[in-house]
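Below is the file coords38.cif, which contains mmCIF, C-alpha atoms and all ligand atoms.
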data_structure
#
loop_
_atom_site.label_atom_id
_atom_site.label_comp_id
_atom_site.auth_asym_id
_atom_site.auth_seq_id
_atom_site.Cartn_x
_atom_site.Cartn_y
_atom_site.Cartn_z
CA MET A 1 -41.50 2.50 -55.96
CA VAL A 2 -42.11 6.23 -56.40
CA SER A 3 -45.15 7.19 -58.45
CA GLU A 4 -47.08 10.27 -59.50
CA GLY A 5 -49.92 11.60 -57.34
CA ARG A 6 -48.27 10.60 -54.10
CA VAL A 7 -47.18 12.90 -51.31
CA SER A 8 -45.70 12.05 -47.95
CA VAL A 9 -46.34 14.31 -45.00
CA ILE A 10 -43.97 14.06 -42.05
CA GLY A 11 -45.08 15.85 -38.90
CA LEU A 12 -48.73 15.72 -37.96
CA GLY A 13 -49.12 18.56 -35.54
CA ASP A 14 -52.00 20.96 -36.06
CA MET A 15 -50.50 22.22 -39.33
CA GLY A 16 -49.22 18.91 -40.70
CA ARG A 17 -52.64 17.29 -40.18
CA ALA A 18 -54.31 20.16 -42.03
CA LEU A 19 -51.86 19.79 -44.93
CA ALA A 20 -52.34 16.04 -45.16
CA ALA A 21 -56.14 16.35 -44.93
CA ALA A 22 -56.20 18.94 -47.72
CA LEU A 23 -54.18 16.65 -50.00
CA LEU A 24 -56.43 13.67 -49.19
CA ASP A 25 -59.52 15.77 -49.93
CA ARG A 26 -58.12 16.59 -53.37
CA GLY A 27 -57.50 12.95 -54.21
CA TRP A 28 -53.75 12.69 -53.57
CA GLU A 29 -52.36 9.44 -52.20
CA VAL A 30 -50.92 10.53 -48.88
CA THR A 31 -48.47 8.67 -46.69
CA VAL A 32 -48.09 10.07 -43.20
CA TRP A 33 -45.72 9.74 -40.28
CA ASN A 34 -45.59 11.39 -36.89
CA ARG A 35 -43.50 10.76 -33.77
CA THR A 36 -46.71 10.33 -31.75
CA GLN A 37 -48.45 7.82 -33.96
CA ALA A 38 -51.97 8.40 -32.64
CA ARG A 39 -52.00 11.78 -34.35
CA ALA A 40 -52.20 9.93 -37.68
CA ASP A 41 -55.33 7.93 -36.76
CA ALA A 42 -58.00 10.27 -38.16
CA LEU A 43 -56.03 10.72 -41.39
CA VAL A 44 -55.64 6.97 -41.79
CA GLU A 45 -59.42 6.60 -41.35
CA ARG A 46 -59.79 9.07 -44.23
CA GLY A 47 -57.50 7.06 -46.49
CA ALA A 48 -53.94 8.02 -45.65
CA VAL A 49 -51.28 5.33 -45.44
CA ARG A 50 -49.49 5.13 -42.11
CA ALA A 51 -45.72 4.74 -42.44
CA ALA A 52 -43.91 2.83 -39.74
CA SER A 53 -40.99 5.25 -39.78
CA ALA A 54 -40.04 8.60 -41.25
CA ALA A 55 -37.70 6.77 -43.64
CA GLU A 56 -40.62 4.62 -44.85
CA ALA A 57 -42.64 7.80 -45.44
CA VAL A 58 -39.75 9.27 -47.45
CA ARG A 59 -39.54 6.13 -49.59
CA ALA A 60 -43.27 6.20 -50.34
CA SER A 61 -43.38 9.39 -52.44
CA SER A 62 -41.28 11.53 -54.74
CA LEU A 63 -42.55 14.61 -52.89
CA VAL A 64 -41.97 14.75 -49.14
CA LEU A 65 -43.48 17.57 -47.08
CA VAL A 66 -42.06 18.15 -43.63
CA CYS A 67 -43.83 20.31 -41.06
CA LEU A 68 -42.32 19.99 -37.60
CA LEU A 69 -41.71 22.15 -34.57
CA ASP A 70 -38.27 23.41 -35.60
CA TYR A 71 -35.15 22.52 -37.61
CA ASP A 72 -33.70 20.46 -34.75
CA SER A 73 -36.69 18.16 -34.97
CA VAL A 74 -36.37 18.07 -38.78
CA ARG A 75 -32.79 16.85 -38.39
CA ASP A 76 -33.76 14.33 -35.66
CA VAL A 77 -36.54 12.92 -37.83
CA LEU A 78 -34.83 12.82 -41.24
CA GLU A 79 -31.21 12.00 -40.36
CA PRO A 80 -31.71 8.27 -39.65
CA GLY A 81 -33.19 7.70 -43.13
CA ALA A 82 -31.24 10.38 -44.98
CA GLU A 83 -30.07 8.00 -47.73
CA ASP A 84 -33.70 7.35 -48.69
CA LEU A 85 -34.03 10.97 -49.76
CA ARG A 86 -32.01 10.34 -52.93
CA GLY A 87 -34.06 11.30 -55.99
CA ARG A 88 -36.86 12.84 -53.91
CA THR A 89 -37.90 16.43 -53.38
CA LEU A 90 -37.98 17.62 -49.79
CA VAL A 91 -40.25 20.59 -49.11
CA ASN A 92 -39.61 21.89 -45.62
CA LEU A 93 -42.55 23.90 -44.26
CA THR A 94 -41.10 24.16 -40.77
CA ASN A 95 -40.60 27.66 -39.38
CA GLY A 96 -36.92 28.57 -39.39
CA SER A 97 -34.32 31.17 -40.26
CA PRO A 98 -32.80 31.78 -43.72
CA GLU A 99 -29.50 30.31 -42.44
CA GLN A 100 -31.26 27.15 -41.25
CA ALA A 101 -33.01 26.84 -44.62
CA THR A 102 -29.72 27.23 -46.48
CA ALA A 103 -28.01 24.60 -44.31
CA CYS A 104 -30.95 22.20 -44.74
CA ALA A 105 -30.89 22.66 -48.53
CA ARG A 106 -27.15 21.86 -48.52
CA TRP A 107 -27.77 18.78 -46.38
CA ALA A 108 -30.56 17.59 -48.71
CA LYS A 109 -28.34 18.09 -51.76
CA GLU A 110 -25.56 16.07 -50.11
CA HIS A 111 -28.08 13.24 -49.84
CA GLY A 112 -29.18 13.49 -53.46
CA ALA A 113 -32.48 15.30 -52.87
CA THR A 114 -33.80 18.51 -54.33
CA TYR A 115 -35.07 21.01 -51.79
CA LEU A 116 -37.59 23.80 -51.47
CA ASP A 117 -38.03 25.84 -48.35
CA GLY A 118 -41.50 27.05 -47.46
CA GLY A 119 -43.20 29.51 -45.16
CA ILE A 120 -46.88 28.94 -44.53
CA MET A 121 -48.91 32.14 -44.33
CA ALA A 122 -52.04 30.48 -42.98
CA ILE A 123 -53.39 28.85 -39.87
CA PRO A 124 -54.58 25.24 -39.96
CA ALA A 125 -58.21 26.31 -40.39
CA THR A 126 -57.44 28.32 -43.53
CA ILE A 127 -55.26 25.75 -45.29
CA ALA A 128 -56.63 25.03 -48.77
CA THR A 129 -58.82 28.14 -48.71
CA ASP A 130 -58.44 31.28 -50.83
CA GLU A 131 -56.92 33.05 -47.79
CA ALA A 132 -53.94 30.74 -47.54
CA PHE A 133 -50.68 31.39 -49.31
CA VAL A 134 -47.32 29.74 -48.93
CA PHE A 135 -43.90 31.19 -49.72
CA TYR A 136 -41.41 28.92 -51.46
CA SER A 137 -37.78 29.45 -52.35
CA GLY A 138 -35.23 27.35 -54.14
CA ASP A 139 -34.87 26.01 -57.67
CA GLU A 140 -37.81 27.25 -59.74
CA ALA A 141 -37.82 24.12 -61.92
CA VAL A 142 -38.34 21.99 -58.80
CA PHE A 143 -41.12 24.31 -57.67
CA THR A 144 -42.81 24.07 -61.08
CA GLU A 145 -42.51 20.29 -61.07
CA HIS A 146 -44.44 20.02 -57.80
CA ARG A 147 -46.70 23.01 -58.21
CA ALA A 148 -49.88 20.93 -58.58
CA ALA A 149 -49.50 19.42 -55.10
CA LEU A 150 -48.33 22.67 -53.52
CA GLU A 151 -51.33 24.53 -54.94
CA VAL A 152 -53.63 22.36 -52.85
CA LEU A 153 -52.27 23.84 -49.62
CA GLY A 154 -52.75 27.50 -50.52
CA THR A 155 -51.66 29.84 -53.28
CA PRO A 156 -47.97 29.12 -53.83
CA ARG A 157 -45.69 32.16 -54.10
CA HIS A 158 -42.22 31.34 -55.35
CA LEU A 159 -39.84 34.08 -54.19
CA GLY A 160 -36.65 33.11 -55.96
CA ALA A 161 -33.75 30.70 -56.23
CA ASP A 162 -32.14 31.92 -52.98
CA VAL A 163 -33.43 29.23 -50.66
CA GLY A 164 -33.39 31.56 -47.64
CA LEU A 165 -35.99 33.94 -49.07
CA ALA A 166 -39.11 32.05 -47.96
CA ALA A 167 -37.94 31.96 -44.34
CA LEU A 168 -36.91 35.61 -44.51
CA TYR A 169 -40.30 36.77 -45.80
CA ASP A 170 -42.15 34.42 -43.45
CA LEU A 171 -40.34 35.90 -40.44
CA ALA A 172 -40.80 39.44 -41.80
CA LEU A 173 -44.56 38.96 -42.01
CA LEU A 174 -44.77 37.25 -38.63
CA THR A 175 -42.79 40.09 -37.02
CA ALA A 176 -45.20 42.64 -38.51
CA THR A 177 -48.12 40.52 -37.26
CA ASP A 178 -46.71 40.41 -33.73
CA MET A 179 -46.30 44.18 -33.71
CA MET A 180 -49.76 44.73 -35.14
CA TYR A 181 -51.29 42.61 -32.37
CA ASP A 182 -49.23 44.48 -29.81
CA GLY A 183 -50.87 47.62 -31.18
CA PHE A 184 -54.29 45.97 -30.98
CA HIS A 185 -53.72 45.06 -27.33
CA HIS A 186 -52.65 48.62 -26.54
CA ALA A 187 -55.77 49.98 -28.25
CA VAL A 188 -57.95 47.64 -26.19
CA ALA A 189 -56.08 48.58 -23.00
CA PHE A 190 -56.90 52.24 -23.68
CA ALA A 191 -60.53 51.47 -24.52
CA VAL A 192 -61.36 49.36 -21.48
CA SER A 193 -59.89 51.94 -19.09
CA ARG A 194 -63.05 54.01 -19.26
CA HIS A 195 -66.66 53.14 -18.50
CA GLY A 196 -68.41 52.62 -21.81
CA GLY A 197 -65.27 51.54 -23.64
CA SER A 198 -64.81 47.89 -24.57
CA ALA A 199 -62.60 45.59 -26.61
CA ALA A 200 -65.37 44.87 -29.10
CA GLY A 201 -66.29 48.54 -29.27
CA VAL A 202 -62.81 49.73 -30.21
CA THR A 203 -62.16 46.78 -32.51
CA GLU A 204 -65.23 47.65 -34.55
CA HIS A 205 -63.43 50.87 -35.50
CA LEU A 206 -59.85 49.64 -35.41
CA VAL A 207 -60.33 47.13 -38.22
CA PRO A 208 -61.54 49.63 -40.87
CA TRP A 209 -59.00 52.19 -39.66
CA LEU A 210 -56.07 49.79 -39.99
CA THR A 211 -57.42 48.56 -43.32
CA SER A 212 -57.39 52.14 -44.57
CA MET A 213 -53.88 52.73 -43.20
CA LEU A 214 -52.59 49.50 -44.76
CA ARG A 215 -53.46 50.83 -48.21
CA ILE A 216 -50.70 53.44 -47.87
CA MET A 217 -48.05 50.78 -47.28
CA PRO A 218 -47.26 50.00 -50.96
CA ALA A 219 -46.56 53.72 -51.54
CA PHE A 220 -44.07 53.70 -48.66
CA ALA A 221 -42.55 50.49 -50.00
CA ALA A 222 -42.12 52.00 -53.46
CA GLU A 223 -40.36 55.01 -51.96
CA ILE A 224 -38.08 52.82 -49.88
CA ASP A 225 -37.10 50.67 -52.87
CA ALA A 226 -36.69 53.60 -55.24
CA HIS A 227 -34.97 56.11 -53.00
CA ARG A 228 -33.40 54.51 -49.98
CA GLY A 229 -31.92 57.80 -48.91
CA SER A 230 -34.36 60.43 -50.06
CA GLY A 231 -37.59 61.44 -48.38
CA THR A 232 -41.08 60.00 -48.23
CA ALA A 233 -43.67 61.94 -50.24
CA PRO A 234 -44.96 64.81 -48.02
CA GLN A 235 -48.59 64.14 -48.97
CA ILE A 236 -48.54 60.77 -47.21
CA THR A 237 -46.67 61.81 -44.09
CA GLN A 238 -47.06 64.35 -41.33
CA GLY A 239 -44.65 66.82 -39.80
CA LEU A 240 -42.77 65.64 -36.73
CA ASP A 241 -44.43 68.45 -34.73
CA ILE A 242 -47.79 66.74 -35.31
CA HIS A 243 -46.30 63.41 -34.20
CA TYR A 244 -44.81 64.97 -31.04
CA ALA A 245 -48.11 66.62 -30.11
CA ALA A 246 -50.11 63.41 -30.58
CA LEU A 247 -47.47 61.40 -28.73
CA ALA A 248 -47.68 63.74 -25.70
CA ASN A 249 -51.44 63.13 -25.59
CA LYS A 250 -51.01 59.37 -25.95
CA LEU A 251 -48.43 59.31 -23.14
CA ALA A 252 -50.51 61.43 -20.77
CA THR A 253 -53.63 59.34 -21.46
CA ALA A 254 -51.73 56.08 -21.09
CA LYS A 255 -50.45 57.16 -17.68
CA GLU A 256 -53.94 58.21 -16.56
CA ALA A 257 -55.42 54.97 -17.88
CA GLY A 258 -52.83 52.68 -16.35
CA VAL A 259 -51.59 51.58 -19.80
CA SER A 260 -47.91 50.73 -20.28
CA THR A 261 -45.95 53.59 -21.86
CA GLU A 262 -43.02 51.36 -22.87
CA GLN A 263 -43.84 51.27 -26.60
CA LEU A 264 -44.81 54.95 -26.67
CA GLU A 265 -41.48 55.89 -25.08
CA ARG A 266 -39.78 53.99 -27.90
CA ALA A 267 -41.77 56.07 -30.38
CA ARG A 268 -40.46 59.18 -28.64
CA VAL A 269 -36.85 57.94 -29.03
CA GLU A 270 -37.53 57.40 -32.74
CA LEU A 271 -38.93 60.93 -33.16
CA ASP A 272 -35.95 62.38 -31.27
CA GLU A 273 -33.52 60.53 -33.55
CA LEU A 274 -35.31 61.70 -36.70
CA THR A 275 -35.22 65.25 -35.36
CA ALA A 276 -31.51 64.95 -34.52
CA ALA A 277 -30.91 63.77 -38.11
CA GLY A 278 -32.40 67.03 -39.37
CA LEU A 279 -35.82 65.79 -40.45
CA ASP A 280 -39.02 67.76 -39.91
CA ARG A 281 -41.39 65.16 -41.38
CA TRP A 282 -41.83 61.50 -40.65
CA ASP A 283 -39.94 59.63 -43.36
CA SER A 284 -40.36 55.94 -44.14
CA PRO A 285 -36.98 55.29 -45.85
CA VAL A 286 -35.17 56.94 -42.93
CA VAL A 287 -37.15 54.89 -40.41
CA VAL A 288 -36.09 51.71 -42.23
CA ARG A 289 -32.47 52.85 -42.01
CA ARG A 290 -32.97 53.42 -38.27
CA VAL A 291 -34.44 49.92 -37.82
CA ARG A 292 -31.40 48.58 -39.68
CA SER A 293 -29.02 50.61 -37.45
CA GLU A 294 -27.71 52.45 -40.52
CA PRO A 295 -26.71 56.13 -40.44
CA LEU A 296 -29.85 58.28 -40.77
CA ALA A 297 -28.45 61.28 -42.56
N1 LIG B 1 -50.14 26.27 -36.35
C1 LIG B 1 -50.03 27.44 -36.97
O1 LIG B 1 -50.96 28.24 -37.03
C2 LIG B 1 -48.73 27.88 -37.64
C3 LIG B 1 -49.01 28.54 -38.96
C4 LIG B 1 -47.78 28.89 -39.74
C5 LIG B 1 -46.78 27.72 -39.80
N2 LIG B 1 -46.54 27.22 -38.45
C6 LIG B 1 -45.36 26.35 -38.36
O2 LIG B 1 -45.67 24.99 -38.69
C7 LIG B 1 -44.82 24.12 -37.95
C8 LIG B 1 -45.66 23.09 -37.21
O3 LIG B 1 -46.58 23.79 -36.42
P1 LIG B 1 -47.82 23.04 -35.75
O4 LIG B 1 -48.87 24.04 -35.49
O5 LIG B 1 -48.19 21.85 -36.52
O6 LIG B 1 -47.16 22.62 -34.35
P2 LIG B 1 -47.57 21.44 -33.36
O7 LIG B 1 -49.02 21.16 -33.42
O8 LIG B 1 -46.99 21.80 -32.04
O9 LIG B 1 -46.80 20.16 -33.94
C9 LIG B 1 -45.39 20.05 -33.84
C10 LIG B 1 -44.96 18.84 -34.64
O10 LIG B 1 -43.54 18.66 -34.47
C11 LIG B 1 -43.30 17.33 -33.93
N3 LIG B 1 -42.11 17.35 -33.13
C12 LIG B 1 -41.72 18.28 -32.24
N4 LIG B 1 -40.52 17.97 -31.74
C13 LIG B 1 -40.14 16.79 -32.31
C14 LIG B 1 -38.99 15.97 -32.23
N5 LIG B 1 -37.96 16.28 -31.41
N6 LIG B 1 -38.94 14.86 -32.97
C15 LIG B 1 -39.97 14.52 -33.79
N7 LIG B 1 -41.09 15.27 -33.94
C16 LIG B 1 -41.16 16.40 -33.21
C17 LIG B 1 -44.56 17.02 -33.17
O11 LIG B 1 -44.62 15.61 -32.99
P3 LIG B 1 -45.51 14.99 -31.78
O12 LIG B 1 -45.30 15.90 -30.57
O13 LIG B 1 -46.93 15.01 -32.25
O14 LIG B 1 -44.97 13.64 -31.57
C18 LIG B 1 -45.63 17.54 -34.14
O15 LIG B 1 -45.77 16.67 -35.23
C19 LIG B 1 -44.01 25.01 -36.98
O16 LIG B 1 -42.73 25.23 -37.54
C20 LIG B 1 -44.82 26.29 -36.96
O17 LIG B 1 -44.04 27.43 -36.65
C21 LIG B 1 -47.75 26.73 -37.80
#
Using the file provided, produce a representation of the structure as structure tokens.
Amino acid sequence: MVSEGRVSVIGLGDMGRALAAALLDRGWEVTVWNRTQARADALVERGAVRAASAAEAVRASSLVLVCLLDYDSVRDVLEPGAEDLRGRTLVNLTNGSPEQATACARWAKEHGATYLDGGIMAIPATIATDEAFVFYSGDEAVFTEHRAALEVLGTPRHLGADVGLAALYDLALLTATDMMYDGFHHAVAFAVSRHGGSAAGVTEHLVPWLTSMLRIMPAFAAEIDAHRGSGTAPQITQGLDIHYAALANKLATAKEAGVSTEQLERARVELDELTAAGLDRWDSPVVVRRVRSEPLA
């Protein structure tokens, strides 16, 4: 029998355990299942109910959270008990693509379930803290119905009815994160190449610098949304001649310091393409068109 205040969590890896623990801490009745059963032990000691199968976990609650490695494992785990999903809400917090989310939503609907897709913007240690937020997409009424439980995990951000949006934004943010850390590792590689330089030393300055640079981003975003095609405001960009001069110094120093020039060479290709398109200033909307392989001019 389904009742209020109950949530099932399927998948008890590092993230699934954090989600289940957060719900238990806030007084929810939590039923858990994981392929490797021992991973449920600590949660069961804290009051969770151990389901004997994923299907049993689905039957236990009207709200079923799934957090597994990938969509193949979601299918492997849920398919055998798919008929038990009828009347439930499946919230899939597994990392995947918009297309996978859309296909999973269709599959859930075919089995009589409502579906939200989610993208967790947190690490296990920050679940249920002010830092954590989670993207959701799908039917807003379903999101509103389950908002109280979802709020436990982190601030819920519903992006829209298009079920692929949460995955799209999740992957967009993770891609930016990867590139930011690539930049961090390059900065450290520069710093440690010289006596007196260190990772901690450069990071002490990199964090406030990047924080300051991040504040410009919404202005770029506004320009991109408003004028995909016109130029970025001159006061927040520099001329390409300045970029070329700095790039030459970065390349020369990287070579001297034994730092890879691969990314810097890519920056040179970008500058050359902007120049060939007739630009004399760096221009955010044009760079987005370049990343999207659209005509620049
Ligand atoms: N951990 C993090 O910081 C990130 C933060 C953002 C969101 N991600 C995504 O969350 C999903 C789960 O990640 P995780 O960190 O919990 O991952 P693991 O600790 O490796 O746990 C993986 C779980 O998936 C189960 N599993 C894997 N393959 C299968 C399968 N074929 N059949 C059934 N279950 C499977 C695994 O079970 P077991 O190995 O314990 O038996 C774990 O429950 C992920 O999408 C991240 O991208 C986390």
For chain A against ligand LIG 1 (chain B), with a cut-off of 8 Å and counting only C-alpha atoms and all ligand atoms, what is the closest atom pair and its distance in Å to one decimal for every residue that makes the cut, ordered by chain and number, as a Markdown table?
| residue | atom | partner | partner_atom | distance |
| --- | --- | --- | --- | --- |
| A:Ile10 | CA | B:LIG1 | O15 | 7.5 |
| A:Gly11 | CA | B:LIG1 | O15 | 3.8 |
| A:Leu12 | CA | B:LIG1 | O15 | 4.1 |
| A:Gly13 | CA | B:LIG1 | O9 | 3.2 |
| A:Asp14 | CA | B:LIG1 | O5 | 3.9 |
| A:Met15 | CA | B:LIG1 | O5 | 3.7 |
| A:Gly16 | CA | B:LIG1 | O5 | 5.2 |
| A:Arg17 | CA | B:LIG1 | O5 | 7.3 |
| A:Asn34 | CA | B:LIG1 | O15 | 5.5 |
| A:Arg35 | CA | B:LIG1 | O14 | 3.9 |
| A:Thr36 | CA | B:LIG1 | O14 | 3.7 |
| A:Gln37 | CA | B:LIG1 | O14 | 7.2 |
| A:Arg39 | CA | B:LIG1 | O13 | 6.4 |
| A:Cys67 | CA | B:LIG1 | C7 | 5.0 |
| A:Leu68 | CA | B:LIG1 | O10 | 3.6 |
| A:Leu69 | CA | B:LIG1 | O10 | 3.9 |
| A:Asp70 | CA | B:LIG1 | O16 | 5.2 |
| A:Asp72 | CA | B:LIG1 | N5 | 6.8 |
| A:Ser73 | CA | B:LIG1 | C14 | 4.2 |
| A:Val74 | CA | B:LIG1 | C15 | 7.1 |
| A:Asp76 | CA | B:LIG1 | N6 | 5.9 |
| A:Val77 | CA | B:LIG1 | C15 | 5.5 |
| A:Leu93 | CA | B:LIG1 | O2 | 6.5 |
| A:Thr94 | CA | B:LIG1 | O16 | 3.8 |
| A:Asn95 | CA | B:LIG1 | O16 | 3.7 |
| A:Gly96 | CA | B:LIG1 | O16 | 7.0 |
| A:Gly119 | CA | B:LIG1 | C5 | 6.7 |
| A:Ile120 | CA | B:LIG1 | C4 | 4.9 |
| A:Met121 | CA | B:LIG1 | C4 | 5.7 |
| A:Ala122 | CA | B:LIG1 | C3 | 5.4 |
| A:Ile123 | CA | B:LIG1 | O1 | 3.8 |
| A:Pro124 | CA | B:LIG1 | O1 | 5.5 |
For Lys250 in chain A, work out the shell of residues within 12 Å, counting only C-alpha atoms and skipping chain neighbours fewer than 3 positions away, then give it as a PDB file with C-alpha atoms, in the frame of the given file.
ATOM      1  CA  HIS A 186     -52.650  48.620 -26.540  1.00  0.00           C
ATOM      2  CA  ALA A 187     -55.770  49.980 -28.250  1.00  0.00           C
ATOM      3  CA  PHE A 190     -56.900  52.240 -23.680  1.00  0.00           C
ATOM      4  CA  HIS A 243     -46.300  63.410 -34.200  1.00  0.00           C
ATOM      5  CA  TYR A 244     -44.810  64.970 -31.040  1.00  0.00           C
ATOM      6  CA  ALA A 245     -48.110  66.620 -30.110  1.00  0.00           C
ATOM      7  CA  ALA A 246     -50.110  63.410 -30.580  1.00  0.00           C
ATOM      8  CA  LEU A 247     -47.470  61.400 -28.730  1.00  0.00           C
ATOM      9  CA  THR A 253     -53.630  59.340 -21.460  1.00  0.00           C
ATOM     10  CA  ALA A 254     -51.730  56.080 -21.090  1.00  0.00           C
ATOM     11  CA  LYS A 255     -50.450  57.160 -17.680  1.00  0.00           C
ATOM     12  CA  GLU A 256     -53.940  58.210 -16.560  1.00  0.00           C
ATOM     13  CA  ALA A 257     -55.420  54.970 -17.880  1.00  0.00           C
ATOM     14  CA  GLY A 258     -52.830  52.680 -16.350  1.00  0.00           C
ATOM     15  CA  VAL A 259     -51.590  51.580 -19.800  1.00  0.00           C
ATOM     16  CA  SER A 260     -47.910  50.730 -20.280  1.00  0.00           C
ATOM     17  CA  THR A 261     -45.950  53.590 -21.860  1.00  0.00           C
ATOM     18  CA  GLU A 262     -43.020  51.360 -22.870  1.00  0.00           C
ATOM     19  CA  GLN A 263     -43.840  51.270 -26.600  1.00  0.00           C
ATOM     20  CA  LEU A 264     -44.810  54.950 -26.670  1.00  0.00           C
ATOM     21  CA  GLU A 265     -41.480  55.890 -25.080  1.00  0.00           C
ATOM     22  CA  ALA A 267     -41.770  56.070 -30.380  1.00  0.00           C
ATOM     23  CA  ARG A 268     -40.460  59.180 -28.640  1.00  0.00           C
TER      24      ARG A 268
END
Worksheet entry | d(CA of Ile242 in chain A, CA of Glu270 in chain A) in Å |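 So the answer is 14.1 Å.
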Item to complete: Would you work out the distance separating CA of Ala219 in chain A from CA of Ile236 in chain A, expressed in Å to one decimal?
Response: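 That distance, rounded to one decimal, is 8.5 Å.
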Worksheet item: Any idea what the distance is between CA of Gln100 in chain A and CA of Leu63 in chain A?
Response: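 Rounded to one decimal, the two atoms are 20.5 Å apart.
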Please list as a JSON list (two decimals) with C-alpha atoms, in the frame of the given file every residue within 8 Å of Gly87 in chain A, counting only C-alpha atoms and excluding residues in the same chain fewer than 6 positions away.
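Once everything was written out, this is part23.json:
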[["chain", "number", "residue", "atom", "x", "y", "z"],
["A", 62, "SER", "CA", -41.28, 11.53, -54.74],
["A", 112, "GLY", "CA", -29.18, 13.49, -53.46],
["A", 113, "ALA", "CA", -32.48, 15.30, -52.87],
["A", 114, "THR", "CA", -33.80, 18.51, -54.33]]
Worksheet item: For Glu151 in chain A, which residue out of A:Phe220, A:Ala22, A:Tyr169, A:Thr275 is the nearest one, using all atoms listed in the file?
Response: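 Closest residue, counting all atoms listed in the file: A:Ala22.
Using all atoms listed in the file, the smallest distance between any of A:Leu214, A:Ile224, A:Ala176, A:Ala105 and Tyr71 in chain A comes from A:Ala105.
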Item to complete: Determine the nearest neighbour of Ala276 in chain A from the options A:Val142, A:Ala248, A:Leu240, A:Leu171, counting all atoms listed in the file.
Response: A:Leu240
Practice prompt. Check the smallest atom-to-atom distance from each of A:Ala166, A:Ala148, A:Ala40, A:Leu251 to Val134 in chain A using all atoms listed in the file, then report the winner.
Written response: A:Ala166
Fill in: Closest of A:Val163, A:Ser198, A:Tyr115, A:Asp170 to Phe135 in chain A - atom-to-atom distances counting only C-alpha atoms
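Using only C-alpha atoms, the shortest distance to Phe135 in chain A belongs to A:Asp170.
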Discussion item. From (-39.1, 33.1, -54.3), in the file's coordinates, out to 7 Å: which residues are reached, counting only C-alpha atoms? Answer as a ChimeraX atom specification.
Written reply: /A:135-138,157-161,165-166
Discussion item. Applying 10 Å and only C-alpha atoms, which residues near range 199-202 of chain A remain after dropping the ones on its own chain fewer than 2 positions away? List them as an MDAnalysis selection string.
Written reply: chainID A and resid 184:185 187:192 196:197 204:207
Fill in: Counting only C-alpha atoms, the residue of A:Asp272, A:Ala132, A:Ala101, A:His227 that sits nearest Val288 in chain A
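The answer is A:His227, which sits nearest to Val288 in chain A.
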